[in-house]
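Trainee: Just dropping this structure here.
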Amino acid sequence: MLRLRLLLALLAAPLLLSCETSGSAAMPPLPGAPPSRKPSSEIRKDPVADQALAALEAQVRTQPKAKQVETYLNFRKAYPATTASEDALYRAGVVSFELGDYVNARRQFNELLFENPLFPQAQDARFRLGLSALELKSYRDAYQTLLPLRDRVPPEQRARLEDALRRAAE
């Protein structure tokens with residue numbers, strides 16, 4: 001009987017080992033799932049990009065707002081992984097928000113906060129992100145985005161934040 005158990009254990013060992021190694025491999029992504037992205041590089045300060053953004057600011061003021069968003073996003077493609085690129089993405093998000101294009105504003109603010117959660121205007125970006133989610137009737141996202149800002153917003157935005165939180169909670 002002992003020999004039979006030992007023989008079965010020896011025969012089953014390769015099967016168990018193959019199951020363990022195949023189970024530890026990374027699972028393929030689900031069909032239709034968004035690709036998982038991680039920041040690919042560090043954001044750096046580039047004086048050339050900063051000067052180009054300053055020059056772009058003077059040019060953009062005369063354009064219609066829809067064209068401004070496109071201009072900022074094109075600048076971002078021209079100067080990737082720079083602080084000026086982040087500023088351009090933030091400005092594109094603000095202009096999209098002002099236009100009432102909340103879908104694109106959310107996309108731009110989410111991308112900005114994903115790449116650099118310590119961005120100097122991150123709090124304002126989160127505030128506008130939450131308001132955009134509220135306008136799109138994504139109440140849970142709006143509430144979860146706005147609630148941590150409750151103690152950090154300036155007094156002039158506090159009433160608007162409390163009203164948005166109340167609407168999201170309903």
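By convention here, the chains of the structure tokens are called A, B, ... in the order presented, each chain's residues are numbered starting at 1, and ligands are numbered starting at 1 in the order presented.
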For range 30-112 of chain A versus range 138-143 of chain A, which residues have an atom no more than 12 Å away, and what is each residue's nearest atom pair and distance in Å rounded to one decimal, using only C-alpha atoms, chain-then-number order, as a tab-separated table?

Mentor:
```
residue	atom	partner	partner_atom	distance
A:Tyr102	CA	A:Ser138	CA	11.2
A:Val103	CA	A:Ser138	CA	11.0
A:Arg106	CA	A:Ala142	CA	10.8
A:Asn110	CA	A:Asp141	CA	11.8
```

Trainee: Please compute the CA of Glu98 in chain A-CA of Lys45 in chain A distance, one decimal, in Å.

Mentor: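 Interatomic distance, CA of Glu98 in chain A to CA of Lys45 in chain A: 27.7 Å.
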
Trainee: Would you mind listing what lies within 12 Å of Leu147 in chain A as a PyMOL selection string, with only C-alpha atoms counted and same-chain residues fewer than 4 positions away left out?

Mentor: chain A and resi 123+126-127+130-131+139-143+151-153+158+161-166+168-169

Trainee: Run DSSP on the backbone of this structure and report the residues of range 73-142 of chain A it assigns to alpha helix (DSSP H), as an NGL selection string.

Mentor: :A and (73-78 or 83-99 or 102-115 or 122-135 or 139-142)

Trainee: Against range 52-65 of chain A, which residues of range 92-160 of chain A fall within 12 Å? For each one I want the closest pair of atoms and the distance in Å (one decimal), counting only C-alpha atoms, rows by chain and increasing residue number, as JSON lines.

Mentor:
```
{"residue": "A:Ala92", "atom": "CA", "partner": "A:Lys65", "partner_atom": "CA", "distance": 9.4}
{"residue": "A:Gly93", "atom": "CA", "partner": "A:Lys65", "partner_atom": "CA", "distance": 11.3}
{"residue": "A:Val94", "atom": "CA", "partner": "A:Lys65", "partner_atom": "CA", "distance": 10.3}
{"residue": "A:Val95", "atom": "CA", "partner": "A:Lys65", "partner_atom": "CA", "distance": 6.5}
{"residue": "A:Ser96", "atom": "CA", "partner": "A:Lys65", "partner_atom": "CA", "distance": 8.0}
{"residue": "A:Phe97", "atom": "CA", "partner": "A:Lys65", "partner_atom": "CA", "distance": 10.5}
{"residue": "A:Glu98", "atom": "CA", "partner": "A:Lys65", "partner_atom": "CA", "distance": 8.7}
{"residue": "A:Leu99", "atom": "CA", "partner": "A:Lys65", "partner_atom": "CA", "distance": 7.3}
{"residue": "A:Gly100", "atom": "CA", "partner": "A:Lys65", "partner_atom": "CA", "distance": 11.0}
{"residue": "A:Asp101", "atom": "CA", "partner": "A:Lys65", "partner_atom": "CA", "distance": 11.0}
```

Trainee: Please produce a file of those selected residues containing C-alpha atoms, as a CSV table (one decimal), in the first residue's frame.

Mentor:
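Full text of part_19.csv as output:
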```csv
chain,number,residue,atom,x,y,z
A,92,ALA,CA,-6.5,72.3,-21.8
A,93,GLY,CA,-8.6,70.7,-18.9
A,94,VAL,CA,-9.5,74.1,-17.6
A,95,VAL,CA,-10.6,75.4,-21.0
A,96,SER,CA,-12.6,72.1,-21.6
A,97,PHE,CA,-14.3,72.6,-18.2
A,98,GLU,CA,-15.2,76.2,-19.1
A,99,LEU,CA,-16.6,75.1,-22.4
A,100,GLY,CA,-18.8,72.5,-20.7
A,101,ASP,CA,-17.0,69.6,-22.3
```

Trainee: Would you kindly return, as a PyMOL selection string, each protein, DNA or RNA residue with an atom no farther than 8 Å from any atom of Ala88 in chain A, considering only C-alpha atoms and excluding same-chain residues fewer than 2 positions away?

Mentor: chain A and resi 53+72-73+75-76+84-86+90-92

Trainee: Print the selection's residues with N, CA, C and O atoms to a file, as a tab-separated table (two decimals), in the first residue's frame.

Mentor:
```
chain	number	residue	atom	x	y	z
A	53	LEU	N	5.96	77.53	-24.26
A	53	LEU	CA	4.63	77.66	-23.66
A	53	LEU	C	4.27	79.12	-23.43
A	53	LEU	O	3.13	79.53	-23.66
A	72	TYR	N	-3.25	73.42	-26.98
A	72	TYR	CA	-2.56	72.95	-25.78
A	72	TYR	C	-2.21	71.46	-25.89
A	72	TYR	O	-1.12	71.04	-25.49
A	73	LEU	N	-3.12	70.67	-26.42
A	73	LEU	CA	-2.85	69.24	-26.54
A	73	LEU	C	-1.76	68.96	-27.58
A	73	LEU	O	-0.96	68.04	-27.42
A	75	PHE	N	0.70	71.03	-28.17
A	75	PHE	CA	1.93	71.42	-27.48
A	75	PHE	C	2.41	70.28	-26.60
A	75	PHE	O	3.59	69.99	-26.52
A	76	ARG	N	1.47	69.63	-25.94
A	76	ARG	CA	1.81	68.51	-25.06
A	76	ARG	C	2.50	67.39	-25.83
A	76	ARG	O	3.44	66.77	-25.34
A	84	ALA	N	6.27	71.92	-18.63
A	84	ALA	CA	5.45	72.75	-19.52
A	84	ALA	C	4.34	71.91	-20.14
A	84	ALA	O	3.22	72.40	-20.34
A	85	SER	N	4.61	70.66	-20.43
A	85	SER	CA	3.60	69.76	-20.96
A	85	SER	C	2.46	69.56	-19.95
A	85	SER	O	1.29	69.55	-20.31
A	86	GLU	N	2.82	69.42	-18.68
A	86	GLU	CA	1.81	69.29	-17.63
A	86	GLU	C	0.97	70.56	-17.52
A	86	GLU	O	-0.25	70.51	-17.36
A	90	TYR	N	-3.04	70.86	-18.05
A	90	TYR	CA	-3.90	71.50	-17.05
A	90	TYR	C	-4.74	72.60	-17.70
A	90	TYR	O	-5.95	72.69	-17.49
A	91	ARG	N	-4.11	73.42	-18.51
A	91	ARG	CA	-4.83	74.52	-19.17
A	91	ARG	C	-5.86	73.99	-20.16
A	91	ARG	O	-6.95	74.54	-20.28
A	92	ALA	N	-5.53	72.90	-20.85
A	92	ALA	CA	-6.51	72.27	-21.75
A	92	ALA	C	-7.71	71.77	-20.95
A	92	ALA	O	-8.87	71.92	-21.38
```

Trainee: Given only C-alpha atoms as the basis, pick out the residue of A:Ala159, A:Val48, A:Ala105, A:Leu129 nearest to Thr145 in chain A.

Mentor: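 Ranked by minimum distance to Thr145 in chain A, first place goes to A:Leu129.
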
Trainee: Between CA of Asn74 in chain A and CA of Leu89 in chain A, what distance in Å does the model show, to one decimal?

Mentor: 9.7 Å

Trainee: Taking only C-alpha atoms into account, name the residue in A:Ala78, A:Leu134, A:Gln51, A:Lys67 that is nearest to Arg167 in chain A.

Mentor: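 Nearest to Arg167 in chain A: A:Leu134.
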
Trainee: Choose the residue, out of A:Glu135, A:Glu170, A:Glu70, A:Glu115, that has the smallest atom-to-atom separation from Ile43 in chain A; count only C-alpha atoms.

Mentor: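 Closest to Ile43 in chain A of all the choices is A:Glu115.
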